[in-house]
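Text of the file query07.txt, holding compact mmCIF, C-alpha atoms:
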```txt
# COMPACT_ATOMS: atom_id res chain seq x y z
CA MET E 142 26.39 43.97 -50.58
CA PHE E 143 24.78 43.52 -47.16
CA PRO E 144 21.48 41.61 -46.98
CA GLN E 145 18.37 43.70 -46.57
CA ARG E 146 16.63 43.92 -43.23
CA SER E 147 13.05 42.78 -43.44
CA SER E 148 10.60 45.60 -43.02
CA GLY E 149 8.74 45.61 -39.72
CA SER E 150 11.16 43.15 -38.11
CA SER E 151 13.13 43.67 -34.95
CA GLY E 152 16.52 43.83 -36.58
CA GLY E 153 16.45 40.41 -38.28
CA PHE E 154 17.62 39.76 -41.82
CA ARG E 155 15.31 38.68 -44.59
CA ARG E 156 15.86 35.01 -45.32
CA SER E 157 16.50 33.82 -48.83
CA GLY E 158 14.26 31.25 -50.41
CA PRO E 159 10.55 31.20 -51.17
CA PRO E 160 8.49 34.16 -49.99
CA ARG E 161 6.80 33.96 -46.62
CA ARG E 162 3.10 33.28 -46.29
CA ALA E 163 0.77 36.19 -46.55
CA PRO E 164 -0.25 37.69 -43.22
CA TYR E 165 -3.21 36.15 -41.42
CA GLY E 166 -6.40 37.45 -42.99
CA ALA E 167 -4.91 38.42 -46.33
CA ALA E 168 -6.24 36.90 -49.54
CA ARG E 169 -3.95 34.28 -51.04
CA PRO E 170 -4.10 32.81 -54.52
CA GLY E 171 -6.08 29.63 -54.64
CA VAL E 172 -7.43 29.99 -51.09
CA PRO E 173 -11.21 30.43 -50.84
CA THR E 174 -12.29 33.33 -48.73
CA GLY E 175 -15.52 33.47 -46.80
CA ARG E 176 -15.36 36.96 -45.34
CA PRO E 177 -14.83 40.43 -46.73
CA GLY E 178 -11.16 41.21 -47.22
CA GLY E 179 -10.29 37.65 -48.09
CA ARG E 180 -9.99 36.39 -44.52
CA PRO E 181 -10.53 32.61 -44.58
CA VAL E 182 -13.14 31.00 -42.39
CA PHE E 183 -11.73 28.58 -39.79
CA ARG E 184 -14.15 26.29 -38.02
CA ARG E 185 -13.03 24.54 -34.86
CA LYS E 186 -13.38 20.80 -35.27
CA PRO E 187 -15.55 19.42 -32.49
CA PHE E 188 -13.72 17.25 -29.96
CA SER E 189 -14.81 13.69 -30.53
CA GLY E 190 -12.32 11.58 -28.61
CA GLY E 191 -13.33 8.70 -30.82
CA GLY E 192 -11.15 6.63 -32.96
CA ARG E 193 -9.21 3.54 -32.38
CA SER E 194 -7.34 2.66 -29.30
CA ARG E 195 -3.85 2.65 -30.65
CA PRO E 196 -0.35 2.76 -29.24
CA GLY E 197 0.15 6.13 -30.94
CA GLY E 198 -1.95 7.79 -28.27
CA PHE E 199 -5.09 9.83 -27.92
CA SER E 200 -6.96 10.69 -31.08
CA GLY E 201 -9.85 12.92 -31.93
CA ASN E 202 -10.74 11.06 -35.10
CA ARG E 203 -13.49 8.52 -35.46
CA GLY E 204 -12.38 5.41 -37.24
CA GLY E 205 -9.56 5.57 -39.72
CA ALA E 206 -6.33 3.62 -39.79
CA PRO E 207 -4.23 3.48 -36.68
CA ARG E 208 -1.39 5.94 -36.72
CA GLY E 209 1.18 7.19 -34.28
CA PRO E 210 4.88 7.30 -33.53
CA ARG E 211 5.18 3.66 -32.53
CA PHE E 212 3.29 0.44 -32.22
CA GLY E 213 3.47 -2.03 -29.37
CA LYS E 214 3.22 -5.79 -29.48
CA TYR E 215 -0.23 -7.26 -30.08
CA ILE E 216 -1.88 -8.06 -26.77
CA ASP E 217 -4.77 -10.50 -26.69
CA PRO E 218 -7.69 -8.59 -25.11
CA ALA E 219 -8.51 -11.74 -23.13
CA LEU E 220 -5.49 -10.90 -20.95
CA PHE E 221 -7.31 -7.76 -19.80
CA VAL E 222 -10.16 -9.79 -18.26
CA ASN E 223 -9.67 -11.40 -14.87
CA ARG E 224 -12.40 -11.42 -12.27
CA ALA E 225 -11.22 -10.78 -8.72
CA THR E 226 -13.17 -13.67 -7.25
CA ILE E 227 -11.83 -16.59 -5.24
CA THR E 228 -12.45 -19.83 -7.08
CA GLU E 229 -10.49 -22.03 -4.70
CA GLU E 230 -9.21 -21.88 -1.16
CA ILE E 231 -5.80 -20.19 -1.11
CA PRO E 232 -3.71 -20.50 2.06
CA GLU E 233 -3.25 -17.16 3.75
CA PHE E 234 0.33 -15.93 3.92
CA LYS E 235 1.72 -16.25 7.43
CA PRO E 236 4.95 -14.30 7.91
CA GLU E 237 7.77 -15.90 9.84
CA HIS E 238 8.52 -12.61 11.58
CA ALA E 239 6.92 -9.52 13.03
CA PHE E 240 8.77 -6.23 12.58
CA THR E 241 9.64 -6.32 16.27
CA ASP E 242 11.38 -9.68 15.71
CA PHE E 243 14.00 -8.29 13.37
CA ASN E 244 17.47 -7.65 14.76
CA ILE E 245 17.32 -3.89 14.35
CA GLN E 246 18.01 -0.91 16.60
CA PRO E 247 15.33 -0.02 19.22
CA GLU E 248 14.85 3.54 17.89
CA LEU E 249 14.14 2.19 14.42
CA LYS E 250 11.68 -0.35 15.85
CA ALA E 251 9.91 2.50 17.64
CA ASN E 252 9.53 4.47 14.38
CA ILE E 253 8.20 1.39 12.59
CA VAL E 254 5.58 0.92 15.31
CA LYS E 255 4.60 4.61 15.01
CA LYS E 256 3.97 4.07 11.31
CA GLY E 257 1.57 1.28 12.19
CA TYR E 258 3.61 -1.54 10.68
CA VAL E 259 3.08 -4.84 12.48
CA LEU E 260 3.47 -7.77 10.09
CA PRO E 261 5.77 -7.66 7.06
CA THR E 262 4.69 -8.44 3.51
CA PRO E 263 6.16 -11.58 1.88
CA ILE E 264 9.07 -9.73 0.23
CA GLN E 265 9.83 -7.88 3.48
CA ASP E 266 9.57 -11.06 5.55
CA ARG E 267 12.00 -12.95 3.33
CA ALA E 268 14.41 -10.18 2.26
CA ILE E 269 15.04 -8.14 5.42
CA PRO E 270 16.93 -10.89 7.33
CA HIS E 271 19.31 -11.43 4.38
CA VAL E 272 19.90 -7.69 3.85
CA LEU E 273 20.64 -7.32 7.57
CA GLN E 274 23.31 -10.02 7.21
CA GLY E 275 25.03 -7.92 4.53
CA VAL E 276 24.68 -10.36 1.64
CA ASP E 277 23.67 -9.40 -1.90
CA VAL E 278 19.99 -9.94 -2.66
CA VAL E 279 17.87 -10.21 -5.81
CA GLY E 280 14.20 -9.70 -4.97
CA ILE E 281 11.49 -10.59 -7.47
CA ALA E 282 8.05 -9.37 -6.45
CA ASN E 283 4.95 -7.77 -7.91
CA THR E 284 4.49 -4.04 -7.82
CA GLY E 285 2.83 -2.72 -4.68
CA THR E 286 4.17 -5.46 -2.39
CA GLY E 287 6.33 -3.29 -0.12
CA LYS E 288 9.75 -3.58 -1.78
CA THR E 289 10.75 -0.09 -0.58
CA ALA E 290 10.60 -0.95 3.12
CA ALA E 291 12.28 -4.29 2.37
CA PHE E 292 15.54 -2.49 1.61
CA LEU E 293 15.11 0.77 3.55
CA ILE E 294 14.67 -0.77 7.01
CA PRO E 295 17.93 -2.78 6.98
CA LEU E 296 19.84 0.09 5.33
CA ILE E 297 18.64 2.56 7.98
CA ASN E 298 19.73 0.09 10.63
CA LYS E 299 23.25 0.07 9.17
CA MET E 300 23.28 3.89 9.18
CA ILE E 301 22.31 4.04 12.85
CA GLN E 302 25.14 1.64 13.72
CA ASN E 303 27.67 3.56 11.62
CA ARG E 304 27.07 7.27 10.97
CA ASP E 305 29.50 7.21 8.03
CA GLU E 306 27.41 4.59 6.23
CA GLN E 307 26.08 5.69 2.84
CA ALA E 308 23.67 3.98 0.45
CA LEU E 309 22.67 4.74 -3.14
CA VAL E 310 19.29 3.89 -4.66
CA MET E 311 18.80 4.07 -8.43
CA VAL E 312 15.25 4.25 -9.79
CA PRO E 313 13.66 4.76 -13.23
CA THR E 314 11.39 7.77 -12.52
CA ARG E 315 11.24 11.02 -10.58
CA GLU E 316 8.07 9.97 -8.82
CA LEU E 317 9.58 6.78 -7.45
CA ALA E 318 12.68 8.66 -6.26
CA LEU E 319 10.56 11.16 -4.34
CA GLN E 320 8.38 8.42 -2.89
CA ILE E 321 11.41 6.53 -1.56
CA ASN E 322 12.74 9.78 -0.09
CA GLU E 323 9.41 10.36 1.69
CA GLU E 324 9.40 6.80 3.04
CA PHE E 325 12.97 7.19 4.31
CA ARG E 326 12.09 10.37 6.17
CA ALA E 327 8.94 8.78 7.60
CA LEU E 328 11.09 5.97 9.06
CA THR E 329 13.85 8.20 10.45
CA PRO E 330 12.34 11.02 12.57
CA GLY E 331 14.67 11.88 15.43
CA LEU E 332 17.52 9.74 14.06
CA ARG E 333 19.48 12.60 12.45
CA LEU E 334 19.85 10.75 9.17
CA PHE E 335 19.81 12.75 5.95
CA SER E 336 18.76 11.98 2.39
CA ALA E 337 18.59 13.70 -0.99
CA SER E 338 16.95 12.87 -4.30
CA PHE E 339 18.40 13.76 -7.70
CA VAL E 340 16.14 13.61 -10.75
CA GLY E 341 15.82 15.23 -14.15
CA GLY E 342 13.72 18.36 -14.54
CA THR E 343 15.10 20.02 -11.41
CA SER E 344 17.81 22.66 -10.99
CA VAL E 345 21.26 21.18 -11.65
CA TYR E 346 22.81 23.98 -9.59
CA ARG E 347 20.74 23.03 -6.54
CA ASP E 348 21.51 19.36 -7.08
CA VAL E 349 25.23 20.14 -7.13
CA GLN E 350 24.87 21.92 -3.78
CA LYS E 351 22.89 19.01 -2.29
CA ALA E 352 25.33 16.42 -3.64
CA ARG E 353 28.25 18.11 -1.88
CA GLN E 354 26.54 17.74 1.49
CA HIS E 355 26.77 14.54 3.50
CA ASN E 356 23.72 12.42 2.73
CA HIS E 357 23.29 9.00 4.26
CA LEU E 358 20.87 8.01 1.49
CA ILE E 359 21.28 9.15 -2.11
CA ILE E 360 18.33 8.48 -4.43
CA GLY E 361 18.14 9.31 -8.10
CA THR E 362 17.60 8.43 -11.72
CA PRO E 363 20.71 7.05 -13.46
CA GLY E 364 21.01 9.94 -15.93
CA ARG E 365 21.06 12.71 -13.31
CA LEU E 366 23.34 10.71 -11.01
CA LYS E 367 25.81 10.16 -13.82
CA ASP E 368 25.67 13.88 -14.69
CA LEU E 369 26.55 14.81 -11.10
CA LEU E 370 29.32 12.21 -11.08
CA GLU E 371 30.85 13.69 -14.25
CA ARG E 372 30.64 17.19 -12.73
CA LYS E 373 32.61 15.80 -9.77
CA ALA E 374 29.81 16.99 -7.48
CA LEU E 375 28.85 13.48 -6.38
CA ASN E 376 31.31 11.24 -4.60
CA ILE E 377 30.20 7.62 -4.35
CA THR E 378 33.54 6.05 -3.45
CA HIS E 379 32.30 5.65 0.14
CA VAL E 380 28.94 4.13 -0.75
CA ARG E 381 28.70 0.72 0.90
CA SER E 382 25.26 -0.32 -0.36
CA VAL E 383 23.56 0.11 -3.72
CA VAL E 384 19.93 -0.61 -4.60
CA LEU E 385 18.49 -0.95 -8.09
CA ASP E 386 14.73 -0.58 -7.65
CA GLU E 387 12.51 -1.47 -10.62
CA ALA E 388 15.64 -2.65 -12.41
CA ASP E 389 13.68 -4.06 -15.35
CA ARG E 390 12.05 -0.68 -16.00
CA MET E 391 15.41 1.11 -15.98
CA LEU E 392 16.67 -1.30 -18.63
CA ASP E 393 13.51 -0.76 -20.70
CA MET E 394 14.08 3.00 -20.53
CA GLY E 395 17.61 2.72 -21.89
CA PHE E 396 19.54 3.43 -18.69
CA ILE E 397 21.80 0.40 -19.03
CA HIS E 398 25.02 2.35 -19.80
CA ASP E 399 24.39 4.92 -17.07
CA MET E 400 23.69 2.11 -14.60
CA ARG E 401 26.90 0.34 -15.50
CA THR E 402 28.86 3.60 -15.14
CA MET E 403 27.46 4.19 -11.66
CA LEU E 404 27.96 0.59 -10.52
CA GLY E 405 31.51 0.57 -11.87
CA SER E 406 32.38 3.71 -9.87
CA MET E 407 31.54 2.13 -6.51
CA PRO E 408 33.70 0.01 -4.20
CA LYS E 409 34.00 -3.63 -5.19
CA ASP E 410 32.96 -4.86 -1.74
CA LYS E 411 29.65 -2.99 -1.68
CA GLN E 412 26.37 -4.72 -0.85
CA GLY E 413 24.14 -4.96 -3.92
CA LEU E 414 20.35 -5.20 -3.82
CA PHE E 415 18.36 -5.65 -7.04
CA PHE E 416 14.56 -5.47 -6.91
CA SER E 417 12.44 -6.12 -9.97
CA ALA E 418 9.11 -7.53 -11.11
CA THR E 419 10.80 -9.63 -13.80
CA LEU E 420 14.17 -11.31 -14.16
CA THR E 421 15.27 -10.65 -17.73
CA ARG E 422 18.46 -11.73 -19.46
CA ASP E 423 19.89 -8.20 -19.23
CA ILE E 424 19.25 -8.09 -15.47
CA GLN E 425 20.90 -11.47 -15.09
CA ALA E 426 23.95 -10.07 -16.92
CA LEU E 427 24.10 -7.14 -14.47
CA ILE E 428 23.75 -9.54 -11.56
CA SER E 429 26.65 -11.68 -12.74
CA ASP E 430 28.85 -8.60 -13.29
CA PHE E 431 28.15 -6.67 -10.08
CA LEU E 432 26.74 -8.98 -7.39
CA ARG E 433 28.58 -11.57 -5.33
CA SER E 434 26.75 -14.88 -4.86
CA PRO E 435 23.39 -13.17 -4.36
CA VAL E 436 20.45 -14.71 -2.55
CA THR E 437 17.47 -14.75 -4.94
CA ILE E 438 14.07 -14.30 -3.32
CA SER E 439 10.97 -14.66 -5.48
CA VAL E 440 7.57 -14.06 -3.96
CA LYS E 441 5.85 -13.33 -7.26
CA THR E 442 2.95 -15.72 -7.68
CA GLN E 443 1.33 -14.30 -10.84
CA ASP E 444 1.45 -11.24 -13.05
CA THR E 445 -1.56 -9.45 -11.60
CA ALA E 446 -2.93 -9.33 -8.08
CA ASP E 447 -6.09 -11.21 -7.09
CA SER E 448 -7.39 -7.99 -5.56
CA ILE E 449 -7.82 -6.33 -8.99
CA ASP E 450 -11.00 -6.94 -10.97
CA GLN E 451 -10.04 -6.61 -14.64
CA ASP E 452 -12.37 -6.11 -17.58
CA VAL E 453 -12.59 -4.51 -21.00
CA VAL E 454 -14.83 -1.75 -22.31
CA LYS E 455 -15.76 -2.65 -25.88
CA LEU E 456 -16.26 0.12 -28.42
CA SER E 457 -17.00 0.14 -32.13
CA PRO E 458 -14.80 2.21 -34.46
CA GLN E 459 -17.59 4.82 -34.57
CA ASP E 460 -17.87 5.19 -30.78
CA SER E 461 -16.40 8.19 -28.99
CA LYS E 462 -13.91 7.12 -26.36
CA ILE E 463 -14.09 10.44 -24.55
CA ASP E 464 -17.89 10.18 -24.30
CA LYS E 465 -17.60 6.67 -22.88
CA LEU E 466 -14.96 7.80 -20.39
CA THR E 467 -17.16 10.71 -19.29
CA GLU E 468 -20.08 8.32 -18.83
CA LEU E 469 -17.99 5.99 -16.64
CA LEU E 470 -16.62 8.79 -14.48
CA ALA E 471 -20.16 9.91 -13.67
CA GLN E 472 -21.02 6.50 -12.17
CA PRO E 473 -20.93 5.88 -8.40
CA GLY E 474 -17.69 4.42 -7.09
CA PHE E 475 -15.35 6.10 -9.60
CA ASP E 476 -13.93 8.25 -6.82
CA LYS E 477 -10.19 8.27 -7.50
CA VAL E 478 -9.42 7.26 -11.07
CA LEU E 479 -6.05 6.91 -12.77
CA VAL E 480 -6.35 7.05 -16.58
CA PHE E 481 -3.45 6.00 -18.80
CA GLY E 482 -2.77 7.34 -22.29
CA GLN E 483 0.12 6.64 -24.62
CA THR E 484 1.45 10.08 -25.58
CA LYS E 485 2.24 13.27 -23.70
CA HIS E 486 0.20 15.39 -26.10
CA GLY E 487 -2.78 13.02 -25.94
CA VAL E 488 -2.74 12.93 -22.14
CA GLU E 489 -2.68 16.72 -21.87
CA LYS E 490 -5.44 17.09 -24.45
CA LEU E 491 -7.62 14.58 -22.62
CA ALA E 492 -7.15 16.36 -19.27
CA ILE E 493 -8.17 19.68 -20.80
CA GLU E 494 -11.28 18.18 -22.38
CA LEU E 495 -12.39 16.44 -19.19
CA SER E 496 -11.96 19.70 -17.28
CA ARG E 497 -14.06 21.46 -19.93
CA ARG E 498 -16.78 18.88 -19.29
CA GLY E 499 -16.81 19.69 -15.59
CA ILE E 500 -14.70 16.76 -14.37
CA ARG E 501 -11.89 17.61 -11.95
CA ALA E 502 -8.84 16.29 -13.76
CA GLU E 503 -5.07 16.78 -13.78
CA SER E 504 -2.33 15.35 -16.00
CA ILE E 505 1.19 14.08 -15.48
CA HIS E 506 3.66 13.48 -18.31
CA GLY E 507 7.23 14.15 -19.38
CA ASN E 508 6.57 17.60 -20.85
CA LYS E 509 5.43 18.98 -17.50
CA THR E 510 7.92 20.62 -15.18
CA HIS E 511 8.93 18.82 -12.03
CA GLY E 512 6.94 21.26 -9.91
CA LYS E 513 3.76 20.87 -11.95
CA ARG E 514 4.01 17.09 -11.87
CA GLN E 515 4.36 17.10 -8.10
CA ASN E 516 1.45 19.51 -7.76
CA ALA E 517 -0.78 17.27 -9.91
CA LEU E 518 0.17 14.25 -7.82
CA ARG E 519 -0.48 16.11 -4.59
CA MET E 520 -3.94 17.20 -5.75
CA PHE E 521 -4.79 13.63 -6.74
CA LYS E 522 -3.47 12.12 -3.51
CA ASP E 523 -5.44 14.64 -1.46
CA SER E 524 -8.60 13.96 -3.54
CA HIS E 525 -8.82 17.55 -4.79
CA VAL E 526 -9.22 16.08 -8.28
CA GLN E 527 -11.14 12.97 -9.26
CA VAL E 528 -9.00 11.93 -12.23
CA LEU E 529 -5.27 11.84 -12.91
CA ILE E 530 -4.37 11.21 -16.57
CA ALA E 531 -0.85 9.92 -17.10
CA THR E 532 1.59 8.40 -19.51
CA ASP E 533 3.52 5.32 -18.45
CA VAL E 534 5.79 7.60 -16.40
CA ALA E 535 3.25 6.98 -13.62
CA ALA E 536 2.94 3.23 -14.14
CA ARG E 537 5.78 2.36 -11.81
CA GLY E 538 6.54 3.39 -8.31
CA LEU E 539 3.52 5.52 -7.52
CA ASP E 540 1.92 4.49 -4.26
CA ILE E 541 -1.34 6.43 -4.01
CA ALA E 542 -3.78 5.24 -1.41
CA GLY E 543 -7.36 4.52 -2.41
CA VAL E 544 -7.17 4.47 -6.22
CA SER E 545 -10.57 3.01 -7.05
CA HIS E 546 -10.06 2.46 -10.78
CA VAL E 547 -7.32 2.29 -13.37
CA ILE E 548 -8.58 2.93 -16.91
CA ASN E 549 -6.43 2.18 -19.96
CA PHE E 550 -7.75 4.79 -22.36
CA ASP E 551 -5.02 3.70 -24.79
CA ILE E 552 -3.86 0.09 -24.93
CA PRO E 553 -0.33 -0.20 -23.46
CA ALA E 554 2.62 -0.99 -25.69
CA THR E 555 3.41 -4.25 -23.86
CA TYR E 556 1.68 -6.60 -21.45
CA GLU E 557 4.35 -5.76 -18.85
CA ASP E 558 3.29 -2.11 -19.07
CA TYR E 559 -0.30 -3.22 -18.53
CA VAL E 560 0.65 -5.14 -15.40
CA HIS E 561 2.39 -2.14 -13.90
CA ARG E 562 -0.37 0.27 -14.88
CA ILE E 563 -3.11 -1.68 -13.15
CA GLY E 564 -0.83 -2.29 -10.16
CA ARG E 565 -1.66 1.26 -9.03
CA THR E 566 -5.01 -0.03 -7.70
CA GLY E 567 -5.87 -2.95 -5.46
CA ARG E 568 -2.90 -2.20 -3.20
CA ALA E 569 -2.31 -2.98 0.48
CA GLY E 570 -5.01 -5.65 0.54
CA LYS E 571 -7.75 -3.39 -0.86
CA LYS E 572 -9.91 -4.19 -3.89
CA GLY E 573 -9.51 -2.28 -7.13
CA LYS E 574 -10.85 -2.29 -10.69
CA ALA E 575 -9.03 -2.04 -14.00
CA LEU E 576 -10.79 -1.28 -17.29
CA THR E 577 -9.22 -1.29 -20.75
CA PHE E 578 -10.80 0.37 -23.79
CA VAL E 579 -10.78 -2.09 -26.70
CA VAL E 580 -12.10 -1.30 -30.18
CA VAL E 581 -13.83 -4.27 -31.79
CA ARG E 582 -15.01 -4.64 -35.37
```
Output the structure of this file as structure tokens.
Amino acid sequence: MFPQRSSGSSGGFRRSGPPRRAPYGAARPGVPTGRPGGRPVFRRKPFSGGGRSRPGGFSGNRGGAPRGPRFGKYIDPALFVNRATITEEIPEFKPEHAFTDFNIQPELKANIVKKGYVLPTPIQDRAIPHVLQGVDVVGIANTGTGKTAAFLIPLINKMIQNRDEQALVMVPTRELALQINEEFRALTPGLRLFSASFVGGTSVYRDVQKARQHNHLIIGTPGRLKDLLERKALNITHVRSVVLDEADRMLDMGFIHDMRTMLGSMPKDKQGLFFSATLTRDIQALISDFLRSPVTISVKTQDTADSIDQDVVKLSPQDSKIDKLTELLAQPGFDKVLVFGQTKHGVEKLAIELSRRGIRAESIHGNKTHGKRQNALRMFKDSHVQVLIATDVAARGLDIAGVSHVINFDIPATYEDYVHRIGRTGRAGKKGKALTFVVVR
């Protein structure tokens, strides 16, 4: 006997098991009804934004036990307080080189001058000469210290000298991949050098077409690069230089096997460049497996920059975090604010609520399409919105000029995440402020 079709359905079969719920508005046994016909009364719960700051993400509850998908390590709130004041005389960094001193091609020097670069940052000053010599380099430096130009300038120089030269850059996030691509193009006008970025969330078909073209610089996240390699669309047997940028973050995100696959598919005599903010045991294992007698350059002096004034915003369990955030955003000086939350859902919910309150806000998180993420970033960079609310996807690699404040609406899962979050402000010698919401009892 054939199963019965459910009445009113579009050709589907009635499923076995317990009966479906009564239609919306129908009276159901045991359900109180407040309107004629048995339709239940639903009252929208007012948005409170209160509740504890917890790794689980944004919450509308006030008080109550912390809950959420995961918990981070306990971070002493004292680590979130660091006044950006000079308490002792610190010698000013004096680079050994100017950009015009480097042994690079004249056309590249001309483009560097057009960009307004004169004196290199510490990591650029120390790393560029070694990369130009073709040796493997491990660079340890804080976020926002110019690591991108430290490897791009010497790699571009190699490409000018040999048009068949190819380099591969692996990064943890889409945003960092696109930023490196933009920097490459800004350094190469008129040089007829080509680049392509390959990240998740974009059309695989288009990436296959791009990968089959000749690109001097290939940039991408390990997962998408490995996918293209397995589809035989990407050929990296001629890649002579490989860069792992934000290597520690890629390991944190679980890319270790993809990274090893990519590195193992390249020529043995390639030049390897690893840049990271920390030198973990896993990174040291990669270094020993894939680099040849690397030069290690460390210009990291401390976890957080002196240019960032750090403080906490104390709240009681009964306080509304969203109300406090709204109050802060109305104060003078909060012109371009990056707010960090823990979950994708919480970040999106917070952006919607701030917009409802008349604050120009956008969100960026993993559930958004690639196009929408780029549009949100563009609006924030161009100051069309005051606030960008993000998950930790934005904590690394984003170089947005003029971020006045970073606010940790939710406490980060680790102190390393905190360091990278607040590194989005106080960049390029400018002052910035970082505030972290902390619930005290």
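Atom pair atom CA of E:Val272 / atom CA of E:Val384: separated by 11.0 Å.
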Contacts of stretch 372-379 of chain E at 6 Å or less, counting all atoms listed in the file, minus same-chain residues fewer than 6 places along, as a PyMOL selection string?
chain E and resi 349+352-353+407
Give me the residues near E:Asp533 as number ranges by chain, where near means some atom within 12 Å (using all atoms listed in the file) and where sequence neighbours in that chain fewer than 6 positions away do not count.
E: 196, 198, 313-314, 316, 390, 393-394, 479-485, 488, 504-507, 539, 549-555, 557-563, 565
Give me the residues within 7 Å of stretch 258-260 of chain E as a PyMOL selection string, counting all atoms listed in the file and dropping any in the same chain fewer than 2 places off.
chain E and resi 239-240+253-254+256+262
Grab the atom CA of E:Val276 to atom CA of E:Ile424 distance for me, in Å with one decimal place.
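For atom CA of E:Val276 relative to atom CA of E:Ile424, the distance reads 18.1 Å.
Interatomic distance, atom CA of E:Val345 against atom CA of E:Gln320: 20.1 Å.
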Which residues, written as a count of residues only, have at least one atom at most 12 Å from E:Ala219, with only C-alpha atoms counted and residues fewer than 2 positions away on the same chain left out?
15
Residue with smallest distance to E:Leu518 - pool E:Val383, E:Asp430, E:Asp305, E:Leu319, counting all atoms listed in the file
E:Leu319
Pick from E:Leu392, E:Val340, E:Leu332, E:Ala327 nearest to E:Gly512, counting only C-alpha atoms:
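Residue with the minimum atom-to-atom distance to E:Gly512: E:Val340.
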What's the 12 Å shell around E:Glu468, counting all atoms listed in the file, without same-chain residues fewer than 6 positions away, as an NGL selection string?
:E and (454 or 461-462 or 475 or 495 or 498 or 500)
C-alpha atoms of the current selection, written as a tab-separated table (two decimals), in the coordinates of the input:
```tsv
chain	number	residue	atom	x	y	z
E	454	VAL	CA	-14.83	-1.75	-22.31
E	461	SER	CA	-16.40	8.19	-28.99
E	462	LYS	CA	-13.91	7.12	-26.36
E	475	PHE	CA	-15.35	6.10	-9.60
E	495	LEU	CA	-12.39	16.44	-19.19
E	498	ARG	CA	-16.78	18.88	-19.29
E	500	ILE	CA	-14.70	16.76	-14.37
```
Protein, DNA and RNA residues within 12 Å of (33.5, -0.5, -0.9), only C-alpha atoms, as number ranges by chain:
E: 306-308, 377-383, 404-413
Tell me which of E:Arg267, E:His238, E:Lys250, E:Arg422 sits closest to E:Thr437, counting all atoms listed in the file.
E:Arg267
Tell me which residues come within 10 Å of (24.1, -11.3, 3.0), as number ranges by chain, counting only C-alpha atoms in the file's coordinates.
E: 268-278, 412-414, 433-436
